[in-house]
Structures are given as structure tokens and as C-alpha cells.
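These notes are about the structure you will find just below.
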Amino acid sequence: MARARVLVRPLVALSAGLLLVSGCGGSGTSPKDASKDASGKSSSGPVVIATTSWEAALAKAAGAENVRSLVPASIRHAPDYDLKPSDLAAVAGADYVLYASFEPFAGRIKEAAGSKAKMIELELDNTPEKTTANVTRLGKTFGTRQAAAKWNAGLAGEWKTLAGQVKAAWPDGKAPAVSSQVFTTWAAELAGARVVGTYGPEAVSPKQLSELSAKKPEFVLDNENMSTGTVLPGSGAEQLNIVNYPGKDLDLLGVYRKAADQMKKAFAAS
């Protein structure tokens with residue numbers, strides 16, 4: 001009987017350990033075993049964990065196939081997301097972890113990664129120059145340079161096409177005057193607009209409100225992901241809420257297309 005008790009204890013401990021691992025992983029599988037792309041298809045290559053859909057989209061653009069975003073794309077302001085134990089477990093099983101310095105949970109991400117995962121800090125900005133640089137850098141890191149170069153070429157062509165479409169919708173054929181949140185100036189660049197003032201990331205102060213309104217912008221390009229409401233009330237400027245983060249499809253080109261479509265419609269109707 002004593003011998004039987006000795007055998008039972010290791011079995012119980014092993015079962016408990018398996019249950020614990022299962023609970024931390026969420027599905028009972030490791031990131032490598034459950035690797036799927038945004039469409040749900042099986043994928044291969046290094047496991048890339050990104051804090052948000054923005055970093056994940058850059059990894060996908062660079063040619064990575066096994067990419068997962070921790071913050072759901074439906075979260076409007078990603079830095080407010082509260083990491084779950086399963087998120088930290090996924091980070092521990094990753095080959096690469098992508099994050100941005102402004103994200104308040106970056107410290108916890110680093111701790112969870114341990115010594116295995118390679119941490120890559122990205123400077124997030126949707127200007128074509130910064131996006132191209134990020135994609136090129138990640139392509140070199142992942143060993144997918146050719147895929148990254150192909151995507152960057154596609155971005156250059158798409159940007160040129162979209163810029164031409166927005167320009168064709170300029171009111172009276174003239175570049176519109178806009179005020180832009182500091183993280184959406186890329187949209188103003190895409191539109192070929194005249195930026196008469198910028199604001200943020202803090203809320204607009206009464207003094208800024210007066211100064212920006214005095215410059216008589218026709219449009220305000222606000223940051224949907226950091227919006228505090230109407231930026232220039234009473235100024236007569238039409239506010240467009242520009243999105244920086246891709247959706248769950250991790251299509252970064254979709255961000256540019258959406259912004260171009262918003263501006264085309266607004267310009268043509270003014």
C-alpha cells in the first residue's frame with residue numbers, strides 16, 4: 001500500500017502541472033502548435049507576438065506568417081488594455097516580441113519574455129517612410145527580405161494611387177487647410193493638404209483652441225484611437241476621425257485606403 005501511495009503522488013503532480021499549463025495557454029496548446037494567421041489558416045515560421053494589431057500588421061507586411069496580436073483589434077485605445085495571464089504565457093513562448101515604448105504594459109511584456117524571445121521596439125508612425133523602414137527592418141530580422149521588399153513596393157504604388165484620388169477631390173481644385181493631431185499628420189500628407197496647425201497628444205487647451213480656430217482650417221484630422229471628442233467646436237471645421245490601427249485582418253494598406261476614402265468624400269462634399 002505504501003508503494004502505491006508513492007506512485008500516485010507523481011501522477012497527481014503531473015496532472016496538476018498539465019492543467020496549469022493548459023490554463024495559462026488558454027487553449028492548452030503552445031503558440032507554435034496553435035500557430036494560425038489572421039485568416040485562421042495554419043502558418044509556419046518564427047512565432048511573432050505583437051502587443052497590438054499595428055505591430056502585428058507590420059510583421060505580416062514583412063513576411064511573417066505566424067503572427068498574433070495580444071490586444072484585440074476592437075479595443076479603441078490599445079494602451080488601455082489590461083494584459084491577461086494567457087497573454088504573458090504567449091509572450092514567453094514567442095521567438096520575437098514586438099512592442100512600442102509608449103505602451104504602459106511594455107515593462108510587463110519584457111519580464112514575461114524572459115531570455116528566449118527577442119524584444120523588438122518599434123516606432124509607430126504611418127508615414128510611408130517610417131512604415132517602409134519598419135517593414136524592411138523586420139524583413140531582415142525574420143529572414144523574409146524579399147517578401148518585405150515586395151510589400152514595400154506595393155505600398156509605394158498604393159500611396160501614389162490614393163494620393164492622386166484624394167487630390168482629385170480637393171475643394172475647388174485647391175489643397176484644403178487642415179489642423180491635424182500629431183499622430184495623423186500622415187493622412188494630411190496623403191491628402192496633399194496644407195497643415196495650418198497641429199495638436200496633441202494631450203487634449204486641446206483653451207489657448208490652443210483659440211489659436212487653431214484663428215487659422216481657419218477647413219478640416220480637422222483627429223486621431224480616432226485617442227479622440228477626446230470635437231476638437232474645434234464652433235470653428236466650422238469638419239472633423240474626420242482617422243484610424244491608425246489595422247483591423248483583425250492585419251491589413252495595414254486598409255488603414256491608408258480608409259483614410260483616403262474619408263477625405264475624398266469630405267473634400268468632394270464641401
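We label chains A, B, ... in the order they appear in the C-alpha cells, count residues from 1 in each chain, and number ligands from 1 in the order shown.
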
Considering only C-alpha atoms, return as a list in words whatever protein or nucleic-acid residues lie within 12 Å of Trp170 in chain A, sequence-local ones (same chain, fewer than 6 positions apart) excluded.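 Near neighbours after the sequence-gap exclusion: Ala163, Gly164, Pro176, Ala177, Ala191, Gly192, Ala193, Arg194, Glu218, Phe219, Ala260, Met263, Lys264, Lys265, Ala266, Phe267, Ala268, Ala269 and Ser270 of chain A.
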
(request) Would you kindly return, as an MDAnalysis selection string, each protein, DNA or RNA residue with an atom no farther than 10 Å from any atom of Ala237 in chain A, considering only C-alpha atoms and excluding same-chain residues fewer than 6 positions away? (result) chainID A and resid 177:179 213 216:221 231

Q: Name the residues in contact with range 116-129 of chain A at a cut-off of 6 Å, using only C-alpha atoms, excluding same-chain residues fewer than 5 positions from it; report them as a VMD selection string.
A: chain A and resid 94 to 100 186

Please write the residues from the selection above to a file, keeping N, CA, C and O atoms, as a tab-separated table (two decimals), in the first residue's frame.
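Written file, result.tsv:
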chain	number	residue	atom	x	y	z
A	94	ALA	N	7.24	32.92	-27.37
A	94	ALA	CA	7.47	33.53	-28.67
A	94	ALA	C	8.95	33.54	-29.04
A	94	ALA	O	9.83	33.44	-28.18
A	95	ASP	N	9.21	33.66	-30.33
A	95	ASP	CA	10.57	33.87	-30.81
A	95	ASP	C	10.88	35.36	-30.87
A	95	ASP	O	12.00	35.77	-30.58
A	96	TYR	N	9.88	36.15	-31.26
A	96	TYR	CA	10.04	37.60	-31.32
A	96	TYR	C	8.83	38.27	-30.67
A	96	TYR	O	7.70	37.79	-30.81
A	97	VAL	N	9.09	39.36	-29.98
A	97	VAL	CA	8.02	40.14	-29.36
A	97	VAL	C	8.16	41.58	-29.83
A	97	VAL	O	9.21	42.21	-29.65
A	98	LEU	N	7.10	42.11	-30.44
A	98	LEU	CA	7.11	43.47	-30.96
A	98	LEU	C	6.27	44.36	-30.06
A	98	LEU	O	5.16	44.00	-29.68
A	99	TYR	N	6.81	45.54	-29.74
A	99	TYR	CA	6.09	46.46	-28.86
A	99	TYR	C	6.51	47.89	-29.15
A	99	TYR	O	7.46	48.13	-29.91
A	100	ALA	N	5.79	48.84	-28.58
A	100	ALA	CA	6.13	50.27	-28.71
A	100	ALA	C	6.39	50.82	-27.31
A	100	ALA	O	5.76	50.40	-26.34
A	186	TRP	N	0.26	62.04	-41.14
A	186	TRP	CA	0.49	61.22	-42.33
A	186	TRP	C	-0.71	61.29	-43.27
A	186	TRP	O	-0.55	61.24	-44.50

**Request:** Report as a ChimeraX atom specification: the residues of range 145-264 of chain A with a DSSP assignment of helix (DSSP H, G or I), based on the backbone of this structure.
**Result:** /A:145-168,171-173,185-191,206-214,224-226,252-264

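Remark: for Val48 in chain A, the closest of the candidate residues A:Thr141, A:Ser180, A:Gln262, A:Ser86 is A:Thr141 (distances computed over only C-alpha atoms).
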